[in-house]
$ cat upload-v3.cif   # mmCIF, C-alpha atoms
data_model
#
loop_
_atom_site.label_atom_id
_atom_site.label_comp_id
_atom_site.auth_asym_id
_atom_site.auth_seq_id
_atom_site.Cartn_x
_atom_site.Cartn_y
_atom_site.Cartn_z
CA MET A 1 85.41 -2.63 -39.80
CA ASN A 2 83.83 0.55 -41.07
CA ASN A 3 80.07 0.17 -40.53
CA GLU A 4 79.43 1.95 -43.80
CA ILE A 5 81.41 -0.68 -45.70
CA LYS A 6 80.34 -4.24 -44.94
CA PRO A 7 79.34 -7.35 -46.85
CA SER A 8 75.70 -7.69 -47.84
CA ASP A 9 73.36 -9.28 -45.31
CA ASP A 10 72.03 -11.69 -47.94
CA GLY A 11 75.44 -12.76 -49.24
CA ARG A 12 75.51 -16.19 -47.55
CA ALA A 13 72.68 -17.07 -45.17
CA TRP A 14 70.13 -14.90 -43.41
CA VAL A 15 66.78 -14.61 -41.66
CA GLU A 16 63.90 -12.53 -42.97
CA ILE A 17 61.39 -11.08 -40.48
CA ASP A 18 57.95 -9.95 -41.62
CA LEU A 19 56.87 -7.37 -39.03
CA ASP A 20 53.43 -7.01 -40.64
CA ALA A 21 52.86 -10.73 -39.99
CA LEU A 22 53.88 -10.16 -36.36
CA ALA A 23 51.31 -7.37 -36.05
CA HIS A 24 48.68 -9.58 -37.68
CA ASN A 25 49.39 -12.39 -35.21
CA ALA A 26 49.04 -10.07 -32.24
CA SER A 27 45.64 -8.99 -33.56
CA GLU A 28 44.61 -12.60 -34.27
CA ILE A 29 45.55 -13.73 -30.76
CA ARG A 30 43.76 -10.79 -29.16
CA SER A 31 40.59 -11.69 -31.06
CA HIS A 32 40.47 -15.00 -29.17
CA LEU A 33 41.00 -13.55 -25.70
CA PRO A 34 38.12 -13.01 -23.28
CA VAL A 35 36.96 -9.48 -22.58
CA GLY A 36 39.31 -7.87 -20.08
CA CYS A 37 42.23 -10.18 -20.84
CA ALA A 38 45.31 -8.39 -22.21
CA LEU A 39 48.04 -9.93 -24.33
CA MET A 40 51.45 -10.19 -22.68
CA ALA A 41 54.00 -10.46 -25.48
CA VAL A 42 56.78 -12.86 -24.55
CA VAL A 43 59.98 -11.66 -26.21
CA LYS A 44 62.54 -13.77 -24.35
CA THR A 45 65.49 -15.38 -26.14
CA ASP A 46 65.71 -12.42 -28.52
CA ALA A 47 62.00 -12.80 -29.35
CA TYR A 48 62.46 -16.49 -30.16
CA GLY A 49 65.26 -15.60 -32.56
CA HIS A 50 63.31 -12.85 -34.33
CA GLY A 51 65.08 -9.88 -32.72
CA MET A 52 63.67 -8.62 -29.41
CA ILE A 53 63.99 -4.88 -29.92
CA ARG A 54 62.54 -4.61 -33.41
CA CYS A 55 59.70 -6.99 -32.57
CA ALA A 56 58.88 -5.29 -29.29
CA GLN A 57 58.89 -1.87 -30.94
CA ARG A 58 56.39 -3.05 -33.55
CA LEU A 59 54.21 -4.74 -30.94
CA CYS A 60 54.30 -1.59 -28.83
CA ALA A 61 53.07 0.35 -31.87
CA GLU A 62 50.20 -2.16 -32.07
CA GLY A 63 49.14 -1.30 -28.53
CA ILE A 64 50.87 -4.04 -26.52
CA THR A 65 51.73 -2.61 -23.10
CA ILE A 66 53.27 -5.55 -21.22
CA PHE A 67 56.17 -7.79 -22.21
CA GLY A 68 57.61 -10.94 -20.71
CA VAL A 69 61.32 -11.74 -20.66
CA ALA A 70 63.27 -14.61 -19.11
CA THR A 71 66.20 -12.77 -17.56
CA ILE A 72 67.03 -9.44 -15.99
CA VAL A 73 69.58 -8.78 -18.74
CA GLU A 74 66.84 -9.13 -21.35
CA GLY A 75 64.64 -6.85 -19.28
CA ILE A 76 67.31 -4.14 -19.05
CA ARG A 77 67.99 -4.31 -22.78
CA LEU A 78 64.30 -3.97 -23.53
CA ARG A 79 63.84 -1.10 -21.07
CA GLU A 80 66.72 0.79 -22.65
CA ALA A 81 64.87 0.58 -25.97
CA ILE A 82 61.29 1.19 -24.75
CA ALA A 83 60.57 3.39 -21.76
CA ASP A 84 56.83 3.26 -21.21
CA VAL A 85 55.78 -0.41 -21.08
CA ASP A 86 55.54 -2.96 -18.27
CA ILE A 87 58.27 -5.63 -18.33
CA LEU A 88 57.98 -8.81 -16.29
CA VAL A 89 61.04 -11.00 -15.66
CA LEU A 90 59.64 -14.54 -15.76
CA GLY A 91 62.79 -16.29 -14.53
CA TYR A 92 64.78 -16.19 -11.30
CA THR A 93 66.78 -13.05 -10.52
CA HIS A 94 69.45 -13.23 -7.83
CA PRO A 95 68.69 -10.83 -4.96
CA LYS A 96 72.08 -9.14 -5.39
CA ASP A 97 70.70 -7.71 -8.64
CA ALA A 98 67.58 -6.25 -7.01
CA LYS A 99 68.87 -2.71 -7.53
CA PHE A 100 68.69 -3.23 -11.29
CA LEU A 101 65.08 -4.37 -11.04
CA TYR A 102 64.41 -1.11 -9.23
CA GLU A 103 66.50 1.17 -11.45
CA TYR A 104 65.02 -0.20 -14.67
CA ALA A 105 61.45 -0.46 -13.33
CA LEU A 106 61.20 -4.21 -13.99
CA SER A 107 58.61 -6.45 -12.36
CA GLN A 108 59.93 -9.76 -11.04
CA ILE A 109 58.45 -13.23 -10.59
CA VAL A 110 59.17 -14.50 -7.07
CA VAL A 111 59.76 -18.23 -7.13
CA ASP A 112 59.16 -18.95 -3.45
CA GLY A 113 58.92 -17.34 -0.05
CA ALA A 114 62.67 -17.33 0.52
CA HIS A 115 63.26 -15.57 -2.80
CA ALA A 116 60.69 -12.93 -1.89
CA GLN A 117 62.26 -12.34 1.54
CA GLN A 118 65.75 -12.08 0.07
CA LEU A 119 64.59 -9.52 -2.51
CA ASN A 120 62.78 -7.63 0.23
CA ASP A 121 65.89 -7.52 2.40
CA MET A 122 67.83 -5.70 -0.32
CA GLY A 123 65.84 -2.56 0.58
CA PHE A 124 64.46 -1.60 -2.85
CA GLU A 125 60.76 -1.11 -3.50
CA LEU A 126 59.97 -3.74 -6.12
CA ARG A 127 56.91 -4.89 -8.03
CA VAL A 128 56.51 -8.67 -8.05
CA HIS A 129 54.28 -11.45 -9.33
CA ILE A 130 53.95 -14.61 -7.24
CA ALA A 131 54.62 -17.87 -9.07
CA LEU A 132 52.41 -20.79 -8.03
CA ASP A 133 53.42 -24.38 -8.77
CA THR A 134 50.08 -26.00 -9.59
CA GLY A 135 51.64 -29.07 -11.21
CA MET A 136 54.41 -28.08 -13.62
CA HIS A 137 57.01 -28.53 -10.82
CA ARG A 138 59.44 -26.05 -12.32
CA LEU A 139 59.20 -22.83 -10.29
CA GLY A 140 56.74 -21.52 -7.75
CA ILE A 141 55.10 -22.06 -4.37
CA ARG A 142 52.83 -25.08 -3.94
CA PRO A 143 49.20 -23.96 -3.40
CA GLY A 144 49.06 -25.96 -0.18
CA ASN A 145 51.74 -23.74 1.35
CA LEU A 146 49.36 -20.90 2.12
CA GLU A 147 51.52 -19.47 4.88
CA GLU A 148 54.47 -19.19 2.48
CA ILE A 149 52.29 -17.46 -0.12
CA GLU A 150 50.98 -15.01 2.48
CA SER A 151 54.54 -14.23 3.56
CA VAL A 152 55.14 -12.54 0.20
CA PHE A 153 52.35 -10.07 0.89
CA SER A 154 53.94 -9.22 4.23
CA CYS A 155 57.22 -8.11 2.63
CA SER A 156 57.26 -4.36 3.18
CA ASN A 157 59.38 -3.55 0.11
CA LEU A 158 57.45 -5.75 -2.31
CA LYS A 159 54.21 -4.78 -4.02
CA VAL A 160 52.35 -7.82 -5.35
CA ASP A 161 51.13 -6.87 -8.81
CA GLY A 162 50.18 -10.33 -10.00
CA ILE A 163 49.95 -14.07 -9.49
CA ALA A 164 50.84 -16.67 -12.11
CA THR A 165 51.14 -20.34 -12.90
CA HIS A 166 52.25 -22.34 -15.94
CA LEU A 167 50.19 -25.07 -17.57
CA ALA A 168 52.31 -28.16 -18.20
CA SER A 169 50.17 -29.90 -20.83
CA SER A 170 47.99 -27.24 -22.44
CA ASP A 171 49.48 -28.12 -25.85
CA SER A 172 47.68 -31.47 -25.79
CA LEU A 173 44.03 -32.35 -26.38
CA ASP A 174 44.52 -35.87 -25.05
CA LYS A 175 41.83 -36.56 -22.44
CA ALA A 176 44.30 -37.21 -19.65
CA ASP A 177 46.23 -34.03 -20.45
CA VAL A 178 43.06 -31.93 -20.66
CA LYS A 179 42.02 -33.35 -17.28
CA PHE A 180 45.39 -32.41 -15.78
CA THR A 181 45.23 -28.90 -17.23
CA ASN A 182 41.77 -28.41 -15.74
CA PHE A 183 43.14 -29.69 -12.43
CA GLN A 184 45.87 -27.03 -12.56
CA ILE A 185 43.35 -24.33 -13.36
CA GLU A 186 41.11 -25.41 -10.48
CA ARG A 187 44.05 -25.29 -8.06
CA PHE A 188 45.05 -21.85 -9.33
CA ASN A 189 41.51 -20.50 -8.99
CA SER A 190 41.12 -22.02 -5.55
CA ILE A 191 44.19 -20.36 -4.06
CA ILE A 192 43.21 -17.02 -5.62
CA GLU A 193 39.76 -17.28 -4.04
CA THR A 194 41.31 -18.16 -0.69
CA LEU A 195 43.70 -15.21 -0.82
CA ARG A 196 40.94 -12.81 -1.81
CA SER A 197 38.74 -14.08 1.00
CA LYS A 198 41.52 -13.20 3.42
CA GLY A 199 41.66 -9.66 2.03
CA TYR A 200 44.70 -9.91 -0.24
CA ASP A 201 44.81 -8.15 -3.61
CA VAL A 202 46.46 -10.70 -5.90
CA GLY A 203 46.77 -8.25 -8.80
CA LYS A 204 46.85 -9.53 -12.36
CA ARG A 205 46.24 -13.27 -12.89
CA HIS A 206 47.89 -15.19 -15.73
CA ALA A 207 48.34 -18.85 -16.64
CA GLN A 208 47.88 -19.42 -20.37
CA ALA A 209 50.76 -19.51 -22.82
CA SER A 210 50.32 -19.90 -26.58
CA HIS A 211 48.66 -23.31 -26.63
CA GLY A 212 46.54 -22.48 -23.62
CA ILE A 213 45.11 -19.50 -25.50
CA PHE A 214 43.78 -21.71 -28.29
CA ASN A 215 42.95 -24.84 -26.26
CA PHE A 216 41.50 -23.22 -23.13
CA SER A 217 40.24 -19.89 -24.40
CA GLU A 218 37.37 -19.82 -21.93
CA ILE A 219 39.75 -19.02 -19.08
CA ALA A 220 39.16 -15.38 -18.16
CA TYR A 221 42.32 -14.10 -16.52
CA ASP A 222 43.92 -10.66 -16.77
CA TYR A 223 46.85 -11.60 -19.02
CA ALA A 224 47.60 -14.31 -21.55
CA ARG A 225 51.29 -14.88 -22.23
CA ALA A 226 51.81 -15.43 -25.96
CA GLY A 227 55.24 -16.56 -27.07
CA ILE A 228 55.61 -18.94 -30.01
CA ALA A 229 52.15 -18.10 -31.41
CA LEU A 230 53.10 -14.45 -31.78
CA TYR A 231 55.72 -15.52 -34.28
CA GLY A 232 53.26 -17.49 -36.38
CA ALA A 233 54.19 -21.00 -35.31
CA MET A 234 53.12 -23.55 -32.75
CA GLU A 235 55.35 -26.03 -30.97
CA ASN A 236 54.31 -28.88 -33.23
CA ASN A 237 51.78 -29.91 -35.85
CA ASP A 238 49.20 -31.08 -33.30
CA ASP A 239 45.67 -29.72 -33.62
CA VAL A 240 44.38 -27.00 -31.33
CA TYR A 241 40.80 -26.60 -30.17
CA ILE A 242 40.28 -23.15 -31.69
CA GLN A 243 41.47 -22.75 -35.26
CA HIS A 244 43.53 -19.66 -35.96
CA ASN A 245 44.96 -17.67 -38.83
CA LEU A 246 48.53 -17.11 -37.70
CA ARG A 247 51.13 -16.09 -40.25
CA PRO A 248 54.77 -17.21 -40.03
CA VAL A 249 56.97 -14.23 -39.25
CA LEU A 250 60.36 -15.77 -40.00
CA SER A 251 61.96 -17.21 -43.11
CA LEU A 252 65.39 -18.87 -43.18
CA LYS A 253 67.37 -18.63 -46.39
CA ALA A 254 70.84 -19.29 -47.75
CA LEU A 255 72.72 -19.24 -51.04
CA ILE A 256 74.05 -22.11 -53.12
CA SER A 257 77.86 -22.06 -53.10
CA GLN A 258 78.57 -24.69 -55.75
CA VAL A 259 76.77 -27.05 -58.13
CA ARG A 260 78.38 -30.21 -59.55
CA TRP A 261 77.69 -33.77 -60.66
CA ILE A 262 78.47 -36.66 -58.29
CA GLY A 263 78.74 -40.20 -59.65
CA ALA A 264 76.95 -43.32 -58.45
CA GLY A 265 78.36 -45.03 -55.35
CA GLU A 266 79.83 -41.84 -53.87
CA ARG A 267 79.62 -41.12 -50.12
CA ILE A 268 78.51 -37.60 -49.24
CA SER A 269 79.61 -35.58 -46.20
CA TYR A 270 80.98 -36.72 -42.84
CA GLY A 271 80.69 -40.39 -41.99
CA GLY A 272 79.28 -41.33 -45.37
CA ILE A 273 75.76 -41.93 -44.02
CA TYR A 274 74.43 -41.18 -47.51
CA THR A 275 75.72 -42.96 -50.64
CA THR A 276 74.47 -42.11 -54.11
CA THR A 277 72.73 -44.91 -56.00
CA LYS A 278 73.03 -43.08 -59.31
CA ALA A 279 74.71 -39.97 -60.69
CA ILE A 280 73.16 -36.82 -59.19
CA LYS A 281 73.55 -33.08 -59.48
CA MET A 282 74.44 -31.82 -56.04
CA ALA A 283 74.48 -28.29 -54.63
CA THR A 284 76.41 -27.15 -51.57
CA VAL A 285 74.54 -24.55 -49.50
CA GLY A 286 76.24 -22.03 -47.23
CA ILE A 287 74.47 -22.75 -43.95
CA GLY A 288 75.04 -25.35 -41.23
CA TYR A 289 74.54 -26.32 -37.64
CA ALA A 290 76.57 -23.33 -36.39
CA ASP A 291 73.75 -21.22 -37.85
CA GLY A 292 71.08 -23.27 -36.10
CA VAL A 293 70.21 -25.96 -38.65
CA PRO A 294 70.16 -29.00 -36.35
CA ARG A 295 72.72 -31.68 -37.08
CA GLN A 296 70.01 -34.14 -35.98
CA MET A 297 68.22 -33.40 -39.25
CA SER A 298 70.98 -35.27 -41.09
CA GLY A 299 69.49 -38.29 -42.86
CA ASN A 300 66.11 -37.53 -41.31
CA ASP A 301 63.97 -36.39 -44.26
CA GLY A 302 65.10 -32.78 -44.05
CA MET A 303 63.96 -30.72 -47.05
CA CYS A 304 64.48 -27.27 -48.52
CA LEU A 305 63.01 -25.25 -51.37
CA VAL A 306 64.76 -24.15 -54.55
CA GLY A 307 62.80 -22.64 -57.40
CA GLY A 308 59.52 -23.70 -55.78
CA LYS A 309 60.52 -27.39 -55.53
CA LYS A 310 61.12 -29.38 -52.35
CA LEU A 311 64.53 -31.01 -52.42
CA PRO A 312 66.19 -33.39 -49.94
CA ILE A 313 69.20 -32.63 -47.75
CA LEU A 314 71.95 -35.21 -48.35
CA GLY A 315 74.16 -36.73 -45.67
CA ARG A 316 75.37 -35.08 -42.51
CA ILE A 317 74.89 -31.36 -42.02
CA CYS A 318 78.25 -29.64 -41.50
CA MET A 319 79.07 -26.72 -39.24
CA ASP A 320 78.85 -24.15 -42.04
CA MET A 321 77.41 -26.04 -45.03
CA LEU A 322 74.97 -28.69 -46.15
CA MET A 323 74.36 -30.52 -49.40
CA ILE A 324 71.14 -30.97 -51.39
CA ASP A 325 70.03 -32.93 -54.46
CA VAL A 326 69.19 -30.54 -57.32
CA THR A 327 69.13 -33.12 -60.12
CA ASP A 328 65.59 -32.14 -61.12
CA LEU A 329 66.50 -28.48 -61.61
CA GLU A 330 67.91 -27.50 -64.99
CA ASP A 331 69.23 -24.00 -64.44
CA VAL A 332 70.32 -24.10 -60.81
CA LYS A 333 73.62 -22.33 -60.13
CA ALA A 334 75.80 -20.80 -57.45
CA GLY A 335 74.13 -17.76 -55.93
CA ASP A 336 70.59 -19.16 -56.18
CA ILE A 337 68.45 -18.85 -53.03
CA VAL A 338 67.59 -21.89 -50.91
CA THR A 339 64.66 -21.58 -48.50
CA LEU A 340 64.86 -23.80 -45.42
CA ILE A 341 61.91 -22.22 -43.60
CA GLY A 342 59.38 -20.16 -45.52
CA LYS A 343 57.68 -19.92 -48.92
CA ASP A 344 58.97 -20.18 -52.47
CA SER A 345 56.70 -20.03 -55.53
CA GLY A 346 53.64 -21.43 -53.79
CA GLU A 347 55.45 -24.16 -51.83
CA GLU A 348 56.13 -23.80 -48.12
CA ILE A 349 58.20 -25.38 -45.39
CA ARG A 350 56.76 -24.38 -42.04
CA CYS A 351 58.85 -24.15 -38.92
CA GLU A 352 56.79 -27.02 -37.51
CA ASP A 353 57.80 -29.23 -40.47
CA PHE A 354 61.45 -28.25 -40.05
CA ALA A 355 61.21 -29.13 -36.36
CA VAL A 356 59.66 -32.55 -37.01
CA ALA A 357 62.53 -33.44 -39.35
CA SER A 358 64.92 -32.41 -36.55
CA GLY A 359 63.16 -34.38 -33.81
CA THR A 360 62.29 -31.29 -31.79
CA ILE A 361 59.76 -28.43 -31.49
CA SER A 362 59.46 -25.08 -33.23
CA ASN A 363 60.55 -23.14 -30.14
CA ASP A 364 63.87 -24.97 -30.14
CA ILE A 365 64.46 -24.32 -33.84
CA LEU A 366 63.71 -20.59 -33.69
CA CYS A 367 65.70 -19.94 -30.53
CA ARG A 368 68.82 -21.68 -31.81
CA LEU A 369 69.16 -19.69 -35.04
CA GLY A 370 72.67 -18.33 -34.75
CA SER A 371 73.74 -14.77 -34.10
CA ARG A 372 75.86 -14.73 -37.27
CA LEU A 373 72.68 -14.89 -39.34
CA PRO A 374 71.75 -11.31 -40.23
CA ARG A 375 68.11 -10.36 -39.56
CA ILE A 376 66.49 -8.52 -42.46
CA TYR A 377 63.24 -6.78 -41.48
CA TYR A 378 60.29 -6.03 -43.74
#
$ encode --input "upload-v3.cif" --output "structure tokens"
Amino acid sequence: MNNEIKPSDDGRAWVEIDLDALAHNASEIRSHLPVGCALMAVVKTDAYGHGMIRCAQRLCAEGITIFGVATIVEGIRLREAIADVDILVLGYTHPKDAKFLYEYALSQIVVDGAHAQQLNDMGFELRVHIALDTGMHRLGIRPGNLEEIESVFSCSNLKVDGIATHLASSDSLDKADVKFTNFQIERFNSIIETLRSKGYDVGKRHAQASHGIFNFSEIAYDYARAGIALYGAMENNDDVYIQHNLRPVLSLKALISQVRWIGAGERISYGGIYTTTKAIKMATVGIGYADGVPRQMSGNDGMCLVGGKKLPILGRICMDMLMIDVTDLEDVKAGDIVTLIGKDSGEEIRCEDFAVASGTISNDILCRLGSRLPRIYY
């Protein structure tokens, strides 16, 4: 198809990205970081569905100099767009791809001693960060395995630029979870002190992700890895210790395809899980689970906004469509905008609310928004 002749981006369903809100959030997060702690912008999974390149370019313009990605492919794509920033691959990279880490000047997390040795044996001079498993039990070397940690420093082709861990429960202020997070921090600090006492330069230290920044802001490391918070959401509606002024970056919108009256006693959508108790005016909306609206939201108090009013989603969400009750709206018609995440005339559905109705967390919602949804940037 001729790129100069294509359907409009807002002709069915789309995502709107407010880059000014993204810049505001970066500034807000930085204001809560200790002196000397830099913000690492995590832009994995296409910047949590917001568009990695456009978001990274704006964050770079705001003075962000280090970015975190999950895969080497993401790292290469980002490097091709931005030449002069640090990029850390936070996930495992197979040693056979070490040459790409070198050629694209990517730093790499090493998940254990064997991984480090295998990367070293490929013969490329690489910059690495050591992952420590202080209790998350996902990736990393256990702090008790000091000999294995030291073996990374002895790899002649690897330069250790940093040391990292991940806090498993920093999103919770429950006493037991806070205790466990402090336990992880103590273990992390202890191994760093031990390594330094033996003459090792551990490089940049980092442990906090988004919730850790607001719940454990007193931690003074070199980097704080902000992911979901950068995009103006948190994983859930739980309170955080330090209040913030984050602004949602993303809105999810679609158009009404049809409006009609449905009589009482009619079953709506697949499986008939919803039956009308009276005659209603129903609108069909051109968005579905193939676009990232979770099917689990079906019959689970999912809402949307039309004309500034919150309206319920009816029955099962289809692959490409869903149905809503618009009985209370007089002038609603095909082509009207439906807001699933975002603001409309003073009302708002936050990503956290959308996630609750889907039985999941904001990260999951944002990352699953489909590639066929155009991104419109402001």
$ closest_atom_pairs --input "upload-v3.cif" --of "range 184-297 of chain A" --to "range 149-173 of chain A" --cutoff "6 Å" --atoms "all atoms listed in the file" --output "JSON lines"
{"residue": "A:Val202", "atom": "CA", "partner": "A:Gly162", "partner_atom": "CA", "distance": 5.5}
{"residue": "A:Gly203", "atom": "CA", "partner": "A:Gly162", "partner_atom": "CA", "distance": 4.2}
{"residue": "A:Lys204", "atom": "CA", "partner": "A:Gly162", "partner_atom": "CA", "distance": 4.2}
{"residue": "A:Arg205", "atom": "CA", "partner": "A:Ile163", "partner_atom": "CA", "distance": 5.1}
{"residue": "A:His206", "atom": "CA", "partner": "A:Ala164", "partner_atom": "CA", "distance": 4.9}
{"residue": "A:Ala207", "atom": "CA", "partner": "A:Thr165", "partner_atom": "CA", "distance": 4.9}
{"residue": "A:His211", "atom": "CA", "partner": "A:Asp171", "partner_atom": "CA", "distance": 4.9}
{"residue": "A:Gly212", "atom": "CA", "partner": "A:Ser170", "partner_atom": "CA", "distance": 5.1}
$ residues_around --input "upload-v3.cif" --residues "Ala105 in chain A" --least-positions-apart "6" --cutoff "12 Å" --atoms "only C-alpha atoms" --output "short mmCIF file (atom, residue, chain, number, x, y, z; two decimals) with C-alpha atoms, in the frame of the given file"
data_model
loop_
_atom_site.label_atom_id
_atom_site.label_comp_id
_atom_site.auth_asym_id
_atom_site.auth_seq_id
_atom_site.Cartn_x
_atom_site.Cartn_y
_atom_site.Cartn_z
CA ILE A 72 67.03 -9.44 -15.99
CA GLY A 75 64.64 -6.85 -19.28
CA ILE A 76 67.31 -4.14 -19.05
CA LEU A 78 64.30 -3.97 -23.53
CA ARG A 79 63.84 -1.10 -21.07
CA GLU A 80 66.72 0.79 -22.65
CA ILE A 82 61.29 1.19 -24.75
CA ALA A 83 60.57 3.39 -21.76
CA ASP A 84 56.83 3.26 -21.21
CA VAL A 85 55.78 -0.41 -21.08
CA ASP A 86 55.54 -2.96 -18.27
CA ILE A 87 58.27 -5.63 -18.33
CA LEU A 88 57.98 -8.81 -16.29
CA VAL A 89 61.04 -11.00 -15.66
CA ALA A 98 67.58 -6.25 -7.01
CA LYS A 99 68.87 -2.71 -7.53
CA PHE A 124 64.46 -1.60 -2.85
CA GLU A 125 60.76 -1.11 -3.50
CA LEU A 126 59.97 -3.74 -6.12
CA ARG A 127 56.91 -4.89 -8.03
CA VAL A 128 56.51 -8.67 -8.05
#
$ closest_residue --input "upload-v3.cif" --among "A:Met282, A:Cys367, A:Tyr270, A:Pro312" --to "Glu330 in chain A" --atoms "only C-alpha atoms"
A:Met282
$ resolve_selection --input "upload-v3.cif" --expression "the PyMOL selection byres ((chain A and resi 279) around 10)" --output "ChimeraX atom specification"
/A:261-266,276-278,280-282,327
$ residues_around --input "upload-v3.cif" --residues "range 25-27 of chain A" --least-positions-apart "5" --cutoff "10 Å" --atoms "only C-alpha atoms" --output "PyMOL selection string"
chain A and resi 19-20+32+39-41+59+62-64+226+229-233+244-249
$ residues_around --input "upload-v3.cif" --residues "Ser345 in chain A" --least-positions-apart "6" --cutoff "10 Å" --atoms "all atoms listed in the file" --output "list in words"
Leu305, Val306, Gly307, Gly308 and Lys309 of chain A
$ closest_residue --input "upload-v3.cif" --among "A:Gly227, A:Val35, A:Glu218, A:Glu347" --to "Cys55 in chain A" --atoms "all atoms listed in the file"
A:Gly227
$ atom_distance --input "upload-v3.cif" --atom1 "CA of Ile141 in chain A" --atom2 "CA of Glu193 in chain A"
16.1 Å
$ resolve_selection --input "upload-v3.cif" --expression "the PyMOL selection byres ((chain A and resi 283) around 6)" --output "ChimeraX atom specification"
/A:258-259,282,284,323-324
$ write_last_selection --input "upload-v3.cif" --atoms "C-alpha atoms" --output "short mmCIF file (atom, residue, chain, number, x, y, z; two decimals), in the frame of the given file"
data_model
loop_
_atom_site.label_atom_id
_atom_site.label_comp_id
_atom_site.auth_asym_id
_atom_site.auth_seq_id
_atom_site.Cartn_x
_atom_site.Cartn_y
_atom_site.Cartn_z
CA GLN A 258 78.57 -24.69 -55.75
CA VAL A 259 76.77 -27.05 -58.13
CA MET A 282 74.44 -31.82 -56.04
CA THR A 284 76.41 -27.15 -51.57
CA MET A 323 74.36 -30.52 -49.40
CA ILE A 324 71.14 -30.97 -51.39
#
$ atom_distance --input "upload-v3.cif" --atom1 "CA of Gly335 in chain A" --atom2 "CA of Asp9 in chain A"
13.6 Å
$ atom_distance --input "upload-v3.cif" --atom1 "CA of Gly144 in chain A" --atom2 "CA of Gln208 in chain A"
21.3 Å
$ closest_residue --input "upload-v3.cif" --among "A:Gly140, A:Gly359, A:Gly292, A:Pro374" --to "Trp14 in chain A" --atoms "all atoms listed in the file"
A:Pro374
$ resolve_selection --input "upload-v3.cif" --expression "the PyMOL selection byres ((chain A and resi 17) around 9)" --output "PyMOL selection string"
chain A and resi 15-16+18-22+50-51+249-251+375-378
$ closest_residue --input "upload-v3.cif" --among "A:Gly315, A:Val111, A:Val240, A:Leu340" --to "Ile213 in chain A" --atoms "only C-alpha atoms"
A:Val240
$ residues_around --input "upload-v3.cif" --residues "Gly370 in chain A" --least-positions-apart "5" --cutoff "9 Å" --atoms "all atoms listed in the file" --output "list of chain:residue names"
A:Gly49, A:Tyr289, A:Ala290, A:Asp291, A:Gly292, A:Val293
$ residues_around --input "upload-v3.cif" --residues "Tyr274 in chain A" --least-positions-apart "6" --cutoff "8 Å" --atoms "all atoms listed in the file" --output "list in words"
Arg267, Ile268, Gly299, Leu314, Gly315 and Arg316 of chain A
$ closest_residue --input "upload-v3.cif" --among "A:Val43, A:Met321, A:Met52, A:Ile192" --to "Pro294 in chain A" --atoms "all atoms listed in the file"
A:Met321
$ closest_residue --input "upload-v3.cif" --among "A:Asn215, A:Ser190, A:Pro143, A:Gly91" --to "Asp177 in chain A" --atoms "all atoms listed in the file"
A:Asn215
